[in-house]
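Working notes for the structure below.
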Amino acid sequence: MIELRGLTRHFRVGDQTVRALQDVSLTIPDGDYLALMGPSGSGKSTLLHILGCLDRPTGGMYALDGREVGSLPENELAAVRSRKIGFVFQFFHLVPRLTAAENVELPMVLAGMRPAERRARMTKALAAVGLTDRAAHRPDQLSGGQRQRVAIARATVMGPSILLADEPTGNLDRASGHEIIELLERMNGGGLTLVVVTHDPEVGQRARHILKLVDGRIASDGGSP
Amino acid sequence: MSLGDLMAFAWRALRGHRLRTILTLLGMSIGVGAVVLLTALGEGARGYVTNEFMALGSNLLIVLPGKTETTGNAPILGGTIRPMTLEDCEAIQRRVPRVRRLAPLSVGSARVGYGERRREVTVLGSTPELLPVRHLEIAVGRFLPDVDLDRGAPVAVIGRTVQEELFGGANPLGQPIRIGDWRFRVVGVMAAKGQSLGLNMDDVVIVPVTSSMRLFNQPSLFRILIEVGAHSEIDQARREVLGVLRERHEGEEDVTVLTQDSVLGAFDRILGALTLALAGIAAISLSVAGIGIMNVMLVSVSERTPEVGLLKALGAPPRQILKVFLVEAVMLSAAGGLLGLLIGYLGSSILSRAFPALPAHPPAWAVSAAVIVSLLAGGLFGVLPARRAARLDPVLALAGR
Ligand SMILES: Nc1ncnc2c1ncn2[C@@H]1O[C@H](COP(=O)(O)OP(=O)(O)OP(=O)(O)O)[C@@H](O)[C@H]1O
Ligand SMILES: [Mg+2]
């Protein structure tokens with residue numbers, strides 16, 4: 001469960017302070033499906049990064065599964081990311097010189113998992129996104145939609161509890177964007193908490209909740225659309 | 001992340017930039033190769049000189065006028081130098097029983113002519129003892145006659161080159177030659193010997209020592225070569241010779257006695273320094289190679305900033321990012337080091353095959369130093385880029401900033 005209380009994130013740029021997030025309070029129960037929407041620059045990505053423990057809030061409280069993580073040191077944040085968080089990015093962020101299979105194995109390699117278990121999990125994860133026959137292909141040999149599916153397999157292979165996607169369809173055509181959203185929703189159906197940042201109202205409508213940000217504040221906590 | 005995984009990951013990254021990797025490898029391998037090859041060259045020179053002086057025989061004393069420190073420093077001349085004379089030789093022979101053979105030596109340069117032909121030649125003056133003391137051989141005729149030391153004789157023994165230049169195919173035995181304004185009769189021709197101690201022994205004329213000292217108007221001998229019975233006696237003999245000469249020179253020690261050991265020691269020091277200097281030059285190229293590695297790794301980190309961001313997003317702590325890039329740098333430099341060893345060994349084996357007189361074998365200390373330094377260089381010069389990567393902010397890195 002994710003709980004934010006009075007969360008703020010300020011950036012210092014020269015002698016100015018950019019208030020990217022202001023007084024954000026929010027509870028996301030396990031297995032929830034949340035769409036983060038709002039105009040450009042409203043703080044969606046910033047919030048997602050904090051939720052994913054990639055970034056730390058300037059003020060307020062962030063409790064993940066009952067543990068205050070907002071002020072943890074780097075090493076412990078990394079451990080939280082490794083165990084609990086899966087990221088999906090707009091630009092896929094696959095390692096270009098590695099095959100699809102190796103990209104999926106990467107988080108397990110970093111976690112020091114044994115090769116046999118790595119292979120078994122990777123095979124399952126690639127099968128789950130329907131790319132078993134592309135395991136040996138490098139990213140430049142895959143379509144955009146296929147790359148994002150590899151990224152989803154990589155984000156879920158460690159068995160995280162939260163899946164965070166920052167405009168996962170932003171770089172795809174409608175059809176493959178649709179496929180990706182369905183895939184993410186299937187993961188959510190399996191029990192993962194899913195938070196999707198999107199500009200696309202059609203994508204947003206599908207979520208259980210829509211959270212609208214304007215100028216770093218929650219404008220509407222829409223409940224069900 | 002296990003070491004095997006780290007290395008596999010680094011290997012992919014290095015293979016991904018083939019040209020850059022090969023060029024960096026080349027830089028490192030040239031550095032290591034230079035260390036190996038240049039020190040091999042230095043050691044080769046040392047071996048060459050050692051062999052050259054070994055040929056002297058280890059029971060030879062060389063007496064020269066003037067007090068010279070034999071530590072390889074400049075000569076220190078103290079007081080007046082009395083001439084070293086034939087009487088000194090006789091005294092040594094009489095009073096130092098350890099002396100087995102003794103050959104005085106005077107050296108000059110003169111125009112030597114036969115008929116219409118002339119040649120500028122080094123003229124050595126000595127006694128019959130020179131033959132065994134310097135391990136010389138006669139090809140035709142005989143060596144200098146065994147007359148009293150202080151009696152000159154108008155006879156000469158010529159080297160192989162002198163014979164060819166002055167006589168061509170004709171028989172030189174019994175023929176008159178001119179040395180300066182003097183006339184000598186050729187009694188023998190030396191067997192070819194070649195270069196020895198900086199003198200081409202084929203291009204000399206040897207005459208009785210008294211004759212050459214008069215010919216060149218020299219009051220002092222150039223050297224006295226003394227052979228003792230055994231190597232173990234050499235220090236004692238040296239002291240006794242010095243004692244006799246000091247006594248004859250009014251208590252002043254104004255001669256220097258060199259032994260093979262002392263000469264070798266001096267050369268050894270000089271050439272050891274030379275080898276070190278070569279190693280220093282090579283070390284510079286090694287550190288340049290290290291900086292090359294740092295440069296490549298910095299470029300790599302800045303190119304792969306989004307990748308670093310990804311690794312962090314996937315849960316890699318800073319230490320792990322550090323390891324990823326360090327392993328890459330060390331692999332790069334180690335591979336370069338190995339390639340360099342190969343180049344160095346290949347080069348020195350070609351060298352010693354091309355110049356057999358130069359035993360150019362890379363010394364073990366230089367080889368191990370080069371390998372260790374190349375490994376360290378990767379670690380050392382890899383640290384800065386790796387730390388830069390490890391400290392990147394994950395969000396900014398993901399955005400490529
Ligand atoms: N590292 C930073 N330094 C300074 N300002 C930043 C930084 N990151 C974000 N900001 C600012 O914070 C605000 C929110 O940025 P954020 O990226 O979260 O917006 P966003 O809602 O994701 O926008 P978009 O829809 O365009 O992706 C913006 O005004 C942005 O300029
Ligand atoms: Mg954004």
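Naming scheme: A, B, ... for chains in displayed order of the structure tokens; residues 1 onward per chain; ligands 1 onward as shown.
Any residue of chain B with an atom within 6 Å of chain A counts; using only C-alpha atoms, that gives Met1, Leu314, Gly315, Ala316 and Pro317 of chain B.
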(Q) Using only C-alpha atoms, which protein or nucleic acid residues come within 10 Å of Tyr62 in chain A? Drop anything in the same chain fewer than 4 positions from it, and give the result as a ChimeraX atom specification. (A) /A:2-7,25-27,50-51,53,56-57,66-71
Q.
DSSP on the backbone, strand (DSSP E or B) only: what residues of range 71-138 of chain B does that give? Format it as a list in words.
A. Val99, Arg100, Arg101, Leu102, Ala103, Pro104, Leu105, Ser106, Val107, Gly108, Ser109, Ala110, Arg111, Val112, Gly113, Tyr114, Arg117, Arg118, Arg119, Glu120, Val121, Thr122, Val123, Leu124, Gly125, Ser126 and Ile138 of chain B
Q. Neighbours of ligand 2 within 9 Å, counting only C-alpha atoms and all ligand atoms, as a list in words?
A. Ser40, Gly41, Ser42, Gly43, Lys44, Ser45, Thr46, Leu48, Asp166, Glu167, Val197 and Thr198 of chain A
Keeping only N, CA, C and O atoms, write the selected residues as a short mmCIF file (atom, residue, chain, number, x, y, z; two decimals), in the first residue's frame.
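Listed below is the output, selection31.cif:
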data_model
loop_
_atom_site.label_atom_id
_atom_site.label_comp_id
_atom_site.auth_asym_id
_atom_site.auth_seq_id
_atom_site.Cartn_x
_atom_site.Cartn_y
_atom_site.Cartn_z
N SER A 40 1.12 19.20 -19.35
CA SER A 40 2.58 19.05 -19.34
C SER A 40 3.19 19.94 -18.27
O SER A 40 2.78 21.09 -18.10
N GLY A 41 4.10 19.39 -17.52
CA GLY A 41 4.77 20.16 -16.48
C GLY A 41 4.01 20.19 -15.18
O GLY A 41 4.41 20.88 -14.24
N SER A 42 2.94 19.43 -15.09
CA SER A 42 2.13 19.47 -13.88
C SER A 42 2.70 18.60 -12.75
O SER A 42 2.21 18.66 -11.63
N GLY A 43 3.71 17.79 -13.05
CA GLY A 43 4.38 17.03 -11.98
C GLY A 43 4.10 15.55 -11.99
O GLY A 43 4.43 14.84 -11.03
N LYS A 44 3.52 15.04 -13.10
CA LYS A 44 3.17 13.61 -13.16
C LYS A 44 4.40 12.72 -13.04
O LYS A 44 4.44 11.79 -12.23
N SER A 45 5.40 13.02 -13.89
CA SER A 45 6.61 12.18 -13.87
C SER A 45 7.32 12.29 -12.53
O SER A 45 7.81 11.30 -11.99
N THR A 46 7.35 13.50 -12.00
CA THR A 46 8.00 13.70 -10.71
C THR A 46 7.36 12.82 -9.64
O THR A 46 8.05 12.15 -8.86
N LEU A 48 5.61 10.09 -10.15
CA LEU A 48 5.86 8.68 -10.46
C LEU A 48 7.26 8.26 -9.99
O LEU A 48 7.45 7.17 -9.45
N ASP A 166 5.33 5.37 -17.32
CA ASP A 166 5.30 6.79 -17.67
C ASP A 166 5.05 6.92 -19.17
O ASP A 166 5.95 6.71 -19.98
N GLU A 167 3.83 7.25 -19.53
CA GLU A 167 3.41 7.36 -20.93
C GLU A 167 3.87 6.16 -21.75
O GLU A 167 4.59 6.31 -22.73
N VAL A 197 0.97 6.98 -16.15
CA VAL A 197 0.92 8.40 -16.52
C VAL A 197 0.53 8.45 -17.99
O VAL A 197 1.11 7.76 -18.81
N THR A 198 -0.47 9.26 -18.30
CA THR A 198 -0.87 9.33 -19.72
C THR A 198 -1.48 10.68 -20.05
O THR A 198 -2.02 11.38 -19.19
#
Q: Give the helix (DSSP H, G or I) residues of range 86-178 of chain A, as DSSP finds them on the backbone, and put them as a PyMOL selection string.
A: chain A and resi 100-110+115-128+132-134+139-141+144-156+174-178
Q: For range 177-181 of chain B, work out the shell of residues within 9 Å, counting only C-alpha atoms and skipping chain neighbours fewer than 3 positions away, then give it as a list in words.
A: Ala110, Arg111, Val112, Gly113, Tyr114, Gly115, Arg118, Val123, Ala156, Phe184, Arg185, Val186 and Leu215 of chain B
Q) What gap, in Å, lies between CA of Gly336 in chain B and CA of Gly16 in chain B? A) 17.2 Å
Q) Got a sec: who's within 12 Å of Ala283 in chain B, counting only C-alpha atoms, leaving out chain neighbours fewer than 2 positions off, as a PyMOL selection string? A) chain B and resi 28+30-39+275-281+285-290+366-367+369-371+373-374+377
Give me, as JSON lines, the closest atom pair and its distance (Å, one decimal) for every residue of chain B within a cut-off of 12 Å of ligand 1, counting only C-alpha atoms and all ligand atoms, rows sorted by chain and rising number.
{"residue": "B:Asp393", "atom": "CA", "partner": "ligand 1", "partner_atom_place_in_ligand_line": "1 (N)", "distance": 9.3}
{"residue": "B:Pro394", "atom": "CA", "partner": "ligand 1", "partner_atom_place_in_ligand_line": "1 (N)", "distance": 10.4}
{"residue": "B:Val395", "atom": "CA", "partner": "ligand 1", "partner_atom_place_in_ligand_line": "1 (N)", "distance": 7.6}
{"residue": "B:Leu396", "atom": "CA", "partner": "ligand 1", "partner_atom_place_in_ligand_line": "1 (N)", "distance": 6.4}
{"residue": "B:Ala397", "atom": "CA", "partner": "ligand 1", "partner_atom_place_in_ligand_line": "1 (N)", "distance": 10.2}
{"residue": "B:Leu398", "atom": "CA", "partner": "ligand 1", "partner_atom_place_in_ligand_line": "1 (N)", "distance": 11.2}
{"residue": "B:Ala399", "atom": "CA", "partner": "ligand 1", "partner_atom_place_in_ligand_line": "1 (N)", "distance": 9.6}
{"residue": "B:Gly400", "atom": "CA", "partner": "ligand 1", "partner_atom_place_in_ligand_line": "1 (N)", "distance": 11.6}
{"residue": "B:Arg401", "atom": "CA", "partner": "ligand 1", "partner_atom_place_in_ligand_line": "1 (N)", "distance": 9.3}
Go ahead and write the selection's residues with all heavy atoms as a CSV table (one decimal), in the first residue's frame.
chain,number,residue,atom,x,y,z
B,393,ASP,N,22.5,11.0,-10.8
B,393,ASP,CA,21.1,11.0,-10.3
B,393,ASP,C,20.3,10.1,-11.2
B,393,ASP,O,20.3,10.3,-12.4
B,393,ASP,CB,20.6,12.4,-10.3
B,393,ASP,CG,19.1,12.5,-9.8
B,393,ASP,OD1,18.9,12.4,-8.6
B,393,ASP,OD2,18.2,12.5,-10.7
B,394,PRO,N,19.5,9.1,-10.7
B,394,PRO,CA,18.8,8.2,-11.5
B,394,PRO,C,17.8,8.9,-12.5
B,394,PRO,O,17.8,8.5,-13.7
B,394,PRO,CB,18.1,7.3,-10.6
B,394,PRO,CG,18.4,7.8,-9.2
B,394,PRO,CD,19.5,8.8,-9.3
B,395,VAL,N,17.1,9.8,-12.0
B,395,VAL,CA,16.0,10.5,-12.8
B,395,VAL,C,16.7,11.2,-14.0
B,395,VAL,O,16.3,11.1,-15.1
B,395,VAL,CB,15.1,11.4,-12.0
B,395,VAL,CG1,14.2,12.1,-12.9
B,395,VAL,CG2,14.3,10.5,-11.0
B,396,LEU,N,17.7,12.0,-13.6
B,396,LEU,CA,18.4,12.8,-14.6
B,396,LEU,C,19.1,11.9,-15.6
B,396,LEU,O,19.1,12.1,-16.8
B,396,LEU,CB,19.4,13.8,-14.0
B,396,LEU,CG,18.8,14.9,-13.2
B,396,LEU,CD1,19.9,15.8,-12.6
B,396,LEU,CD2,17.8,15.7,-14.0
B,397,ALA,N,19.7,10.8,-15.1
B,397,ALA,CA,20.4,9.9,-16.0
B,397,ALA,C,19.5,9.2,-17.0
B,397,ALA,O,19.8,9.1,-18.2
B,397,ALA,CB,21.1,8.8,-15.2
B,398,LEU,N,18.3,8.9,-16.5
B,398,LEU,CA,17.3,8.3,-17.4
B,398,LEU,C,16.9,9.2,-18.6
B,398,LEU,O,16.7,8.8,-19.7
B,398,LEU,CB,16.0,7.9,-16.6
B,398,LEU,CG,16.0,6.5,-16.0
B,398,LEU,CD1,14.8,6.4,-15.0
B,398,LEU,CD2,15.9,5.4,-17.0
B,399,ALA,N,16.9,10.5,-18.2
B,399,ALA,CA,16.6,11.5,-19.2
B,399,ALA,C,17.8,11.8,-20.1
B,399,ALA,O,17.7,12.7,-21.0
B,399,ALA,CB,16.0,12.8,-18.6
B,400,GLY,N,18.9,11.2,-19.8
B,400,GLY,CA,20.1,11.4,-20.6
B,400,GLY,C,20.9,12.6,-20.2
B,400,GLY,O,21.7,13.1,-20.9
B,401,ARG,N,20.6,13.1,-19.0
B,401,ARG,CA,21.3,14.3,-18.5
B,401,ARG,C,22.3,14.1,-17.4
B,401,ARG,O,22.1,13.1,-16.7
B,401,ARG,CB,20.3,15.4,-18.1
B,401,ARG,CG,19.6,16.1,-19.3
B,401,ARG,CD,18.7,17.1,-18.8
B,401,ARG,NE,17.5,16.5,-18.2
B,401,ARG,CZ,16.7,17.2,-17.4
B,401,ARG,NH1,16.9,18.4,-17.1
B,401,ARG,NH2,15.6,16.6,-16.9
(Q) With only C-alpha atoms as the counted atoms, please give the residues lying no more than 8 Å from Pro39 in chain A, apart from itself and same-chain residues fewer than 4 positions off, as a list in words. (A) His199, Leu213 and Val214 of chain A
For the selection you just gave me, I'd like the residues written to a file as a tab-separated table (two decimals), in the first residue's frame, keeping C-alpha atoms.
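Contents of result.tsv, as written:
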chain	number	residue	atom	x	y	z
A	199	HIS	CA	-2.02	12.25	-21.83
A	213	LEU	CA	-2.48	17.06	-11.31
A	214	VAL	CA	-2.34	20.77	-12.05
